[in-house]
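Undergrad: My structure is stored as data.cif, with mmCIF, N, CA and C atoms.
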```cif
data_target
loop_
_atom_site.label_atom_id
_atom_site.label_comp_id
_atom_site.auth_asym_id
_atom_site.auth_seq_id
_atom_site.Cartn_x
_atom_site.Cartn_y
_atom_site.Cartn_z
N MET A 20 130.79 67.83 131.36
CA MET A 20 131.46 67.10 132.43
C MET A 20 131.33 65.61 132.19
N SER A 21 132.34 64.91 132.58
CA SER A 21 132.30 63.47 132.40
C SER A 21 131.46 62.83 133.51
N LYS A 22 131.09 61.59 133.28
CA LYS A 22 130.25 60.87 134.23
C LYS A 22 130.95 60.73 135.58
N LYS A 23 132.29 60.60 135.55
CA LYS A 23 133.05 60.44 136.79
C LYS A 23 132.97 61.70 137.66
N ASN A 24 132.95 62.87 137.03
CA ASN A 24 132.87 64.12 137.78
C ASN A 24 131.50 64.31 138.41
N LEU A 25 130.49 63.67 137.87
CA LEU A 25 129.13 63.82 138.39
C LEU A 25 128.76 62.62 139.26
N LYS A 26 129.65 62.27 140.18
CA LYS A 26 129.41 61.15 141.08
C LYS A 26 129.88 61.55 142.46
N GLY A 27 129.18 61.09 143.45
CA GLY A 27 129.57 61.37 144.83
C GLY A 27 128.71 62.46 145.44
N ILE A 28 128.89 62.62 146.73
CA ILE A 28 128.10 63.60 147.48
C ILE A 28 128.82 64.94 147.40
N ARG A 29 128.54 65.65 146.33
CA ARG A 29 129.13 66.97 146.07
C ARG A 29 128.04 67.88 145.51
N GLY A 30 128.38 69.13 145.32
CA GLY A 30 127.48 70.08 144.67
C GLY A 30 126.16 70.21 145.41
N TRP A 31 125.08 70.21 144.63
CA TRP A 31 123.74 70.36 145.21
C TRP A 31 123.39 69.20 146.11
N LEU A 32 123.89 68.02 145.81
CA LEU A 32 123.62 66.86 146.66
C LEU A 32 124.26 67.05 148.04
N LEU A 33 125.43 67.65 148.08
CA LEU A 33 126.07 67.96 149.36
C LEU A 33 125.23 68.97 150.14
N LEU A 34 124.73 69.98 149.46
CA LEU A 34 123.87 70.96 150.12
C LEU A 34 122.62 70.29 150.71
N TYR A 35 122.01 69.41 149.94
CA TYR A 35 120.84 68.68 150.43
C TYR A 35 121.22 67.82 151.64
N THR A 36 122.36 67.16 151.59
CA THR A 36 122.82 66.32 152.70
C THR A 36 123.05 67.16 153.95
N ILE A 37 123.63 68.32 153.79
CA ILE A 37 123.84 69.22 154.93
C ILE A 37 122.49 69.65 155.49
N PHE A 38 121.55 69.95 154.62
CA PHE A 38 120.22 70.36 155.06
C PHE A 38 119.55 69.27 155.90
N ILE A 39 119.54 68.04 155.41
CA ILE A 39 118.85 67.02 156.20
C ILE A 39 119.63 66.65 157.46
N SER A 40 120.96 66.83 157.44
CA SER A 40 121.74 66.65 158.67
C SER A 40 121.30 67.66 159.72
N PHE A 41 121.13 68.90 159.29
CA PHE A 41 120.67 69.95 160.19
C PHE A 41 119.26 69.66 160.69
N ARG A 42 118.39 69.19 159.80
CA ARG A 42 117.02 68.83 160.19
C ARG A 42 117.02 67.68 161.21
N LEU A 43 117.94 66.72 161.03
CA LEU A 43 118.04 65.63 161.99
C LEU A 43 118.48 66.16 163.35
N PHE A 44 119.46 67.05 163.35
CA PHE A 44 119.92 67.67 164.59
C PHE A 44 118.76 68.40 165.28
N LEU A 45 117.98 69.16 164.52
CA LEU A 45 116.84 69.88 165.09
C LEU A 45 115.79 68.91 165.64
N GLY A 46 115.54 67.83 164.90
CA GLY A 46 114.56 66.84 165.36
C GLY A 46 114.97 66.17 166.65
N ILE A 47 116.25 65.77 166.72
CA ILE A 47 116.74 65.12 167.94
C ILE A 47 116.73 66.10 169.11
N SER A 48 117.17 67.33 168.86
CA SER A 48 117.18 68.31 169.94
C SER A 48 115.77 68.65 170.41
N THR A 49 114.81 68.66 169.50
CA THR A 49 113.41 68.90 169.89
C THR A 49 112.92 67.76 170.78
N LEU A 50 113.28 66.53 170.42
CA LEU A 50 112.85 65.39 171.22
C LEU A 50 113.51 65.38 172.60
N ILE A 51 114.80 65.71 172.65
CA ILE A 51 115.55 65.61 173.90
C ILE A 51 115.36 66.85 174.78
N VAL A 52 115.62 68.01 174.23
CA VAL A 52 115.63 69.24 175.03
C VAL A 52 114.23 69.67 175.42
N PHE A 53 113.33 69.69 174.45
CA PHE A 53 111.99 70.19 174.73
C PHE A 53 111.01 69.08 175.14
N LEU A 54 111.48 67.84 175.12
CA LEU A 54 110.64 66.68 175.46
C LEU A 54 109.31 66.71 174.72
N LYS A 55 109.41 67.09 173.45
CA LYS A 55 108.22 67.16 172.60
C LYS A 55 108.03 65.79 171.95
N LEU A 56 107.41 64.90 172.70
CA LEU A 56 107.29 63.52 172.26
C LEU A 56 105.96 63.26 171.56
N ASN A 57 105.65 64.10 170.56
CA ASN A 57 104.44 63.81 169.80
C ASN A 57 104.79 62.95 168.59
N ILE A 58 103.81 62.29 168.06
CA ILE A 58 104.03 61.31 166.99
C ILE A 58 104.61 61.95 165.74
N THR A 59 104.22 63.18 165.44
CA THR A 59 104.72 63.87 164.25
C THR A 59 106.24 64.07 164.33
N THR A 60 106.70 64.55 165.47
CA THR A 60 108.13 64.81 165.64
C THR A 60 108.93 63.51 165.60
N ILE A 61 108.41 62.47 166.22
CA ILE A 61 109.10 61.18 166.24
C ILE A 61 109.19 60.59 164.83
N ILE A 62 108.07 60.61 164.09
CA ILE A 62 108.06 60.07 162.73
C ILE A 62 109.01 60.85 161.83
N GLU A 63 108.92 62.18 161.91
CA GLU A 63 109.78 62.99 161.05
C GLU A 63 111.26 62.77 161.36
N THR A 64 111.62 62.68 162.64
CA THR A 64 113.01 62.46 163.01
C THR A 64 113.51 61.10 162.53
N LEU A 65 112.68 60.08 162.64
CA LEU A 65 113.07 58.76 162.14
C LEU A 65 113.23 58.75 160.62
N LEU A 66 112.31 59.41 159.92
CA LEU A 66 112.41 59.49 158.45
C LEU A 66 113.68 60.23 158.02
N ILE A 67 113.99 61.31 158.71
CA ILE A 67 115.20 62.07 158.38
C ILE A 67 116.44 61.21 158.62
N ALA A 68 116.47 60.48 159.73
CA ALA A 68 117.63 59.62 160.03
C ALA A 68 117.81 58.56 158.94
N ILE A 69 116.72 57.94 158.54
CA ILE A 69 116.79 56.91 157.49
C ILE A 69 117.23 57.53 156.17
N ALA A 70 116.68 58.71 155.83
CA ALA A 70 117.06 59.38 154.59
C ALA A 70 118.55 59.74 154.58
N LEU A 71 119.03 60.27 155.70
CA LEU A 71 120.45 60.65 155.77
C LEU A 71 121.36 59.43 155.70
N ILE A 72 121.03 58.40 156.43
CA ILE A 72 121.85 57.18 156.40
C ILE A 72 121.89 56.60 154.99
N SER A 73 120.76 56.60 154.31
CA SER A 73 120.73 56.05 152.95
C SER A 73 121.65 56.83 152.01
N ILE A 74 121.76 58.13 152.22
CA ILE A 74 122.68 58.93 151.40
C ILE A 74 124.13 58.63 151.77
N LEU A 75 124.41 58.61 153.06
CA LEU A 75 125.80 58.43 153.50
C LEU A 75 126.37 57.07 153.12
N ILE A 76 125.53 56.03 153.09
CA ILE A 76 126.03 54.72 152.67
C ILE A 76 125.87 54.51 151.16
N LYS A 77 125.34 55.54 150.49
CA LYS A 77 125.14 55.53 149.04
C LYS A 77 124.29 54.35 148.59
N SER A 78 123.21 54.12 149.32
CA SER A 78 122.28 53.05 148.99
C SER A 78 121.58 53.35 147.67
N HIS A 79 121.33 52.30 146.89
CA HIS A 79 120.60 52.51 145.65
C HIS A 79 119.13 52.86 145.92
N TYR A 80 118.69 52.74 147.16
CA TYR A 80 117.35 53.16 147.54
C TYR A 80 117.30 54.61 148.02
N ALA A 81 118.44 55.27 148.09
CA ALA A 81 118.52 56.63 148.66
C ALA A 81 117.58 57.61 147.95
N LYS A 82 117.55 57.54 146.65
CA LYS A 82 116.70 58.45 145.89
C LYS A 82 115.23 58.28 146.27
N LYS A 83 114.75 57.04 146.29
CA LYS A 83 113.35 56.78 146.63
C LYS A 83 113.06 57.12 148.09
N ILE A 84 113.98 56.79 148.98
CA ILE A 84 113.79 57.08 150.40
C ILE A 84 113.69 58.58 150.63
N ASN A 85 114.56 59.35 149.98
CA ASN A 85 114.56 60.79 150.18
C ASN A 85 113.35 61.46 149.53
N ILE A 86 112.91 60.97 148.40
CA ILE A 86 111.68 61.49 147.81
C ILE A 86 110.51 61.17 148.75
N GLY A 87 110.50 59.98 149.30
CA GLY A 87 109.46 59.62 150.28
C GLY A 87 109.49 60.52 151.50
N TYR A 88 110.69 60.81 152.00
CA TYR A 88 110.82 61.72 153.14
C TYR A 88 110.27 63.10 152.79
N LEU A 89 110.61 63.61 151.62
CA LEU A 89 110.15 64.94 151.23
C LEU A 89 108.63 64.98 151.05
N LEU A 90 108.07 63.94 150.47
CA LEU A 90 106.60 63.87 150.34
C LEU A 90 105.95 63.80 151.72
N MET A 91 106.54 63.01 152.61
CA MET A 91 105.99 62.90 153.96
C MET A 91 106.12 64.22 154.72
N SER A 92 107.18 64.97 154.46
CA SER A 92 107.32 66.25 155.15
C SER A 92 106.24 67.23 154.71
N ILE A 93 105.81 67.14 153.46
CA ILE A 93 104.69 67.96 152.99
C ILE A 93 103.42 67.57 153.74
N ILE A 94 103.17 66.28 153.83
CA ILE A 94 101.98 65.79 154.51
C ILE A 94 102.00 66.17 155.99
N LEU A 95 103.16 66.02 156.64
CA LEU A 95 103.26 66.37 158.06
C LEU A 95 103.07 67.87 158.28
N ALA A 96 103.57 68.69 157.38
CA ALA A 96 103.39 70.15 157.50
C ALA A 96 101.90 70.50 157.40
N ILE A 97 101.21 69.87 156.46
CA ILE A 97 99.77 70.13 156.31
C ILE A 97 99.01 69.66 157.54
N PHE A 98 99.34 68.46 158.05
CA PHE A 98 98.67 67.96 159.25
C PHE A 98 98.95 68.84 160.46
N ALA A 99 100.17 69.32 160.60
CA ALA A 99 100.50 70.20 161.73
C ALA A 99 99.68 71.48 161.64
N TYR A 100 99.53 72.02 160.45
CA TYR A 100 98.72 73.22 160.25
C TYR A 100 97.25 72.95 160.60
N LEU A 101 96.72 71.84 160.10
CA LEU A 101 95.33 71.49 160.39
C LEU A 101 95.12 71.24 161.88
N ASP A 102 96.11 70.64 162.53
CA ASP A 102 96.03 70.41 163.97
C ASP A 102 95.95 71.72 164.73
N MET A 103 96.72 72.72 164.28
CA MET A 103 96.67 74.03 164.93
C MET A 103 95.30 74.69 164.74
N ILE A 104 94.72 74.50 163.56
CA ILE A 104 93.39 75.07 163.31
C ILE A 104 92.34 74.39 164.18
N ILE A 105 92.36 73.06 164.21
CA ILE A 105 91.37 72.30 164.97
C ILE A 105 91.49 72.58 166.46
N SER A 106 92.73 72.61 166.98
CA SER A 106 92.91 72.84 168.41
C SER A 106 92.88 74.32 168.78
N ASP A 107 92.68 75.17 167.79
CA ASP A 107 92.57 76.62 167.98
C ASP A 107 93.82 77.21 168.65
N THR A 108 94.99 76.68 168.28
CA THR A 108 96.24 77.23 168.80
C THR A 108 96.98 78.04 167.74
N LEU A 109 96.33 78.27 166.64
CA LEU A 109 96.95 79.00 165.54
C LEU A 109 96.86 80.49 165.83
N GLN A 110 98.00 81.09 166.19
CA GLN A 110 98.04 82.50 166.55
C GLN A 110 98.14 83.40 165.33
N ASP A 111 98.99 83.02 164.41
CA ASP A 111 99.25 83.87 163.25
C ASP A 111 99.05 83.04 161.98
N ARG A 112 97.87 83.15 161.40
CA ARG A 112 97.54 82.33 160.22
C ARG A 112 98.47 82.60 159.04
N ALA A 113 98.85 83.85 158.83
CA ALA A 113 99.68 84.19 157.68
C ALA A 113 101.04 83.50 157.78
N ASN A 114 101.66 83.51 158.95
CA ASN A 114 102.95 82.84 159.12
C ASN A 114 102.83 81.33 158.98
N ALA A 115 101.74 80.77 159.51
CA ALA A 115 101.53 79.33 159.42
C ALA A 115 101.32 78.90 157.98
N VAL A 116 100.52 79.65 157.25
CA VAL A 116 100.29 79.34 155.83
C VAL A 116 101.60 79.48 155.06
N GLY A 117 102.37 80.51 155.37
CA GLY A 117 103.67 80.71 154.72
C GLY A 117 104.63 79.57 154.99
N ALA A 118 104.60 79.05 156.22
CA ALA A 118 105.48 77.93 156.58
C ALA A 118 105.09 76.67 155.81
N VAL A 119 103.80 76.41 155.71
CA VAL A 119 103.33 75.23 154.97
C VAL A 119 103.65 75.39 153.48
N PHE A 120 103.36 76.56 152.94
CA PHE A 120 103.66 76.82 151.53
C PHE A 120 105.17 76.69 151.27
N GLY A 121 105.99 77.23 152.17
CA GLY A 121 107.44 77.12 152.04
C GLY A 121 107.91 75.67 152.06
N ALA A 122 107.33 74.86 152.96
CA ALA A 122 107.69 73.44 153.04
C ALA A 122 107.32 72.72 151.75
N ILE A 123 106.17 73.07 151.20
CA ILE A 123 105.72 72.42 149.95
C ILE A 123 106.64 72.79 148.79
N VAL A 124 106.92 74.07 148.64
CA VAL A 124 107.79 74.52 147.54
C VAL A 124 109.19 73.94 147.69
N PHE A 125 109.73 74.01 148.90
CA PHE A 125 111.06 73.48 149.17
C PHE A 125 111.14 72.00 148.82
N SER A 126 110.15 71.23 149.26
CA SER A 126 110.16 69.79 148.99
C SER A 126 110.02 69.50 147.50
N ILE A 127 109.17 70.24 146.82
CA ILE A 127 108.99 70.02 145.38
C ILE A 127 110.29 70.29 144.62
N VAL A 128 110.99 71.36 144.99
CA VAL A 128 112.27 71.68 144.34
C VAL A 128 113.26 70.54 144.53
N TRP A 129 113.39 70.04 145.76
CA TRP A 129 114.35 68.95 146.01
C TRP A 129 113.90 67.64 145.36
N ILE A 130 112.61 67.38 145.31
CA ILE A 130 112.12 66.18 144.63
C ILE A 130 112.49 66.24 143.15
N LEU A 131 112.27 67.38 142.52
CA LEU A 131 112.64 67.54 141.12
C LEU A 131 114.14 67.36 140.92
N TYR A 132 114.93 67.88 141.84
CA TYR A 132 116.39 67.69 141.75
C TYR A 132 116.74 66.21 141.85
N LEU A 133 116.17 65.52 142.83
CA LEU A 133 116.50 64.10 143.02
C LEU A 133 116.07 63.26 141.82
N ILE A 134 114.98 63.63 141.18
CA ILE A 134 114.49 62.88 140.02
C ILE A 134 115.36 63.14 138.79
N ASN A 135 115.78 64.39 138.58
CA ASN A 135 116.43 64.78 137.32
C ASN A 135 117.95 64.86 137.37
N SER A 136 118.55 64.82 138.54
CA SER A 136 119.99 65.03 138.65
C SER A 136 120.82 63.85 138.12
N LYS A 137 121.78 64.17 137.28
CA LYS A 137 122.72 63.14 136.80
C LYS A 137 123.62 62.67 137.94
N ARG A 138 123.99 63.61 138.84
CA ARG A 138 124.84 63.24 139.98
C ARG A 138 124.13 62.21 140.86
N VAL A 139 122.84 62.42 141.11
CA VAL A 139 122.08 61.48 141.94
C VAL A 139 122.02 60.13 141.25
N LYS A 140 121.74 60.13 139.95
CA LYS A 140 121.68 58.86 139.20
C LYS A 140 123.00 58.12 139.23
N ASN A 141 124.13 58.86 139.13
CA ASN A 141 125.46 58.23 139.09
C ASN A 141 125.95 57.84 140.48
N THR A 142 125.48 58.49 141.52
CA THR A 142 125.98 58.22 142.87
C THR A 142 125.30 57.01 143.49
N PHE A 143 124.02 56.86 143.29
CA PHE A 143 123.26 55.81 143.96
C PHE A 143 122.91 54.68 143.00
N VAL A 144 123.93 54.01 142.48
CA VAL A 144 123.71 52.95 141.51
C VAL A 144 123.88 51.55 142.10
N ASN A 145 124.61 51.41 143.18
CA ASN A 145 124.88 50.07 143.73
C ASN A 145 123.79 49.59 144.63
#
```
Translate the structure described by the file into structure tokens.

TA:
Amino acid sequence: MSKKNLKGIRGWLLLYTIFISFRLFLGISTLIVFLKLNITTIIETLLIAIALISILIKSHYAKKINIGYLLMSIILAIFAYLDMIISDTLQDRANAVGAVFGAIVFSIVWILYLINSKRVKNTFVN
């Protein structure tokens, strides 16, 4: 494929953009509907909004911002798990461990994509 075909928000990058759009929707709805105004939810929602905006405006910082968001989501997932253990609200350890492990694997896969993708390199150059 030519360099021109590997530019823009298409393919796997489009899938990632849809994913974080959905995550932003979930974060905002959690804040508004459930009035869950804890610091973790607020930080994560703000990070997702910044990550999504950076992609949509095709900022040359988008790659770094989104890798930062994914790394922070790993940290937040671990802290949420530890918070459940400390506050003794962890009902099902296997599901909680699975959720944290899933978040880590998911984030690592997308980080590797953002680092190695030719489309990402060609899209966020300005």

Undergrad: Counting only N, CA and C atoms, which of A:Val124, A:Met91, A:Leu25, A:Ile51 gets nearest to A:Val139?

TA: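 Using only N, CA and C atoms, A:Val139 sits closest to A:Leu25.
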
Undergrad: Could you jot down the atom CA of A:Gly27 to atom CA of A:Ser92 separation for me, Å, one decimal place?

TA: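 If I compute the distance from atom CA of A:Gly27 to atom CA of A:Ser92, I get 25.0 Å.
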
Undergrad: Atom CA of A:Ile28 to atom CA of A:Asn135: how many Å, to one decimal?

TA: 15.5 Å

Undergrad: Using only C-alpha atoms, which of A:Ser40, A:Ser48, A:Ser78, A:Thr64 sits nearest A:Asn141?

TA: A:Ser78

Undergrad: Within stretch 49-143 of chain A, find each residue whose DSSP state, derived from the backbone, is helix (DSSP H, G or I), and express the selection as an MDAnalysis selection string.

TA: chainID A and resid 49:52 58:75 81:105 112:135 137:142

Undergrad: Which polymer residues have any atom within 10 Å of an atom of stretch 97-100 of chain A, counting only C-alpha atoms, with same-chain residues fewer than 2 positions away left out, as an NGL selection string?

TA: :A and (59 or 91-95 or 102-105 or 108-109 or 112 or 115-116 or 118-120 or 122-123)

Undergrad: Go ahead and save the residues from that selection, with N, CA and C atoms, as a PDB file, in the frame of the given file.

TA:
```pdb
ATOM      1  N   THR A  59     104.220  63.180 165.440  1.00  0.00           N
ATOM      2  CA  THR A  59     104.720  63.870 164.250  1.00  0.00           C
ATOM      3  C   THR A  59     106.240  64.070 164.330  1.00  0.00           C
ATOM      4  N   MET A  91     106.540  63.010 152.610  1.00  0.00           N
ATOM      5  CA  MET A  91     105.990  62.900 153.960  1.00  0.00           C
ATOM      6  C   MET A  91     106.120  64.220 154.720  1.00  0.00           C
ATOM      7  N   SER A  92     107.180  64.970 154.460  1.00  0.00           N
ATOM      8  CA  SER A  92     107.320  66.250 155.150  1.00  0.00           C
ATOM      9  C   SER A  92     106.240  67.230 154.710  1.00  0.00           C
ATOM     10  N   ILE A  93     105.810  67.140 153.460  1.00  0.00           N
ATOM     11  CA  ILE A  93     104.690  67.960 152.990  1.00  0.00           C
ATOM     12  C   ILE A  93     103.420  67.570 153.740  1.00  0.00           C
ATOM     13  N   ILE A  94     103.170  66.280 153.830  1.00  0.00           N
ATOM     14  CA  ILE A  94     101.980  65.790 154.510  1.00  0.00           C
ATOM     15  C   ILE A  94     102.000  66.170 155.990  1.00  0.00           C
ATOM     16  N   LEU A  95     103.160  66.020 156.640  1.00  0.00           N
ATOM     17  CA  LEU A  95     103.260  66.370 158.060  1.00  0.00           C
ATOM     18  C   LEU A  95     103.070  67.870 158.280  1.00  0.00           C
ATOM     19  N   ASP A 102      96.110  70.640 162.530  1.00  0.00           N
ATOM     20  CA  ASP A 102      96.030  70.410 163.970  1.00  0.00           C
ATOM     21  C   ASP A 102      95.950  71.720 164.730  1.00  0.00           C
ATOM     22  N   MET A 103      96.720  72.720 164.280  1.00  0.00           N
ATOM     23  CA  MET A 103      96.670  74.030 164.930  1.00  0.00           C
ATOM     24  C   MET A 103      95.300  74.690 164.740  1.00  0.00           C
ATOM     25  N   ILE A 104      94.720  74.500 163.560  1.00  0.00           N
ATOM     26  CA  ILE A 104      93.390  75.070 163.310  1.00  0.00           C
ATOM     27  C   ILE A 104      92.340  74.390 164.180  1.00  0.00           C
ATOM     28  N   ILE A 105      92.360  73.060 164.210  1.00  0.00           N
ATOM     29  CA  ILE A 105      91.370  72.300 164.970  1.00  0.00           C
ATOM     30  C   ILE A 105      91.490  72.580 166.460  1.00  0.00           C
ATOM     31  N   THR A 108      94.990  76.680 168.280  1.00  0.00           N
ATOM     32  CA  THR A 108      96.240  77.230 168.800  1.00  0.00           C
ATOM     33  C   THR A 108      96.980  78.040 167.740  1.00  0.00           C
ATOM     34  N   LEU A 109      96.330  78.270 166.640  1.00  0.00           N
ATOM     35  CA  LEU A 109      96.950  79.000 165.540  1.00  0.00           C
ATOM     36  C   LEU A 109      96.860  80.490 165.830  1.00  0.00           C
ATOM     37  N   ARG A 112      97.870  83.150 161.400  1.00  0.00           N
ATOM     38  CA  ARG A 112      97.540  82.330 160.220  1.00  0.00           C
ATOM     39  C   ARG A 112      98.470  82.600 159.040  1.00  0.00           C
ATOM     40  N   ALA A 115     101.740  80.770 159.510  1.00  0.00           N
ATOM     41  CA  ALA A 115     101.530  79.330 159.420  1.00  0.00           C
ATOM     42  C   ALA A 115     101.320  78.900 157.980  1.00  0.00           C
ATOM     43  N   VAL A 116     100.520  79.650 157.250  1.00  0.00           N
ATOM     44  CA  VAL A 116     100.290  79.340 155.830  1.00  0.00           C
ATOM     45  C   VAL A 116     101.600  79.480 155.060  1.00  0.00           C
ATOM     46  N   ALA A 118     104.600  79.050 156.220  1.00  0.00           N
ATOM     47  CA  ALA A 118     105.480  77.930 156.580  1.00  0.00           C
ATOM     48  C   ALA A 118     105.090  76.670 155.810  1.00  0.00           C
ATOM     49  N   VAL A 119     103.800  76.410 155.710  1.00  0.00           N
ATOM     50  CA  VAL A 119     103.330  75.230 154.970  1.00  0.00           C
ATOM     51  C   VAL A 119     103.650  75.390 153.480  1.00  0.00           C
ATOM     52  N   PHE A 120     103.360  76.560 152.940  1.00  0.00           N
ATOM     53  CA  PHE A 120     103.660  76.820 151.530  1.00  0.00           C
ATOM     54  C   PHE A 120     105.170  76.690 151.270  1.00  0.00           C
ATOM     55  N   ALA A 122     107.330  74.860 152.960  1.00  0.00           N
ATOM     56  CA  ALA A 122     107.690  73.440 153.040  1.00  0.00           C
ATOM     57  C   ALA A 122     107.320  72.720 151.750  1.00  0.00           C
ATOM     58  N   ILE A 123     106.170  73.070 151.200  1.00  0.00           N
ATOM     59  CA  ILE A 123     105.720  72.420 149.950  1.00  0.00           C
ATOM     60  C   ILE A 123     106.640  72.790 148.790  1.00  0.00           C
TER      61      ILE A 123
END
```

Undergrad: Could you tell me how far atom CA of A:Ala70 sits from atom CA of A:Ile84, in Å to one decimal place?

TA: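 Spanning atom CA of A:Ile84 to atom CA of A:Ala70 is a straight-line distance of 5.8 Å.
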
Undergrad: Can you pull out every residue within 8 Å of stretch 125-132 of chain A, counting only C-alpha atoms, but drop anything in the same chain fewer than 4 positions away, and send it as a list in words?

TA: Tyr35, Ile86, Leu89, Leu90, Ser92, Ile93, Gly121 and Ser136 of chain A

Undergrad: Quick one: residues within 8 Å of A:Lys77, all atoms listed in the file, excluding same-chain residues fewer than 6 positions away - as a count of residues only?

TA: 5

Undergrad: From the options A:Ile74, A:Leu50, A:Leu56, A:Leu66, which residue's atoms come nearest to A:Thr36, counting all atoms listed in the file?

TA: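 Residue with the minimum atom-to-atom distance to A:Thr36: A:Ile74.
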
Undergrad: Is it possible to produce a file of stretch 53-74 of chain A from this structure, with C-alpha atoms, as a JSON list (two decimals), in the first residue's frame?

TA:
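That gives us result_5.json:
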```
[["chain", "number", "residue", "atom", "x", "y", "z"],
["A", 53, "PHE", "CA", -25.07, 7.62, 38.62],
["A", 54, "LEU", "CA", -23.53, 10.76, 40.19],
["A", 55, "LYS", "CA", -20.37, 8.76, 40.77],
["A", 56, "LEU", "CA", -18.15, 11.73, 41.43],
["A", 57, "ASN", "CA", -15.02, 9.95, 42.57],
["A", 58, "ILE", "CA", -11.60, 11.14, 41.50],
["A", 59, "THR", "CA", -10.86, 8.01, 39.44],
["A", 60, "THR", "CA", -13.93, 8.43, 37.24],
["A", 61, "ILE", "CA", -13.33, 12.15, 36.78],
["A", 62, "ILE", "CA", -9.65, 11.69, 35.85],
["A", 63, "GLU", "CA", -10.38, 8.84, 33.47],
["A", 64, "THR", "CA", -13.19, 10.75, 31.74],
["A", 65, "LEU", "CA", -10.99, 13.82, 31.29],
["A", 66, "LEU", "CA", -8.12, 11.70, 29.92],
["A", 67, "ILE", "CA", -10.46, 9.98, 27.46],
["A", 68, "ALA", "CA", -11.84, 13.33, 26.28],
["A", 69, "ILE", "CA", -8.34, 14.71, 25.71],
["A", 70, "ALA", "CA", -7.25, 11.51, 23.93],
["A", 71, "LEU", "CA", -10.29, 11.55, 21.65],
["A", 72, "ILE", "CA", -9.98, 15.24, 20.82],
["A", 73, "SER", "CA", -6.29, 14.80, 19.99],
["A", 74, "ILE", "CA", -7.21, 12.08, 17.48]]
```
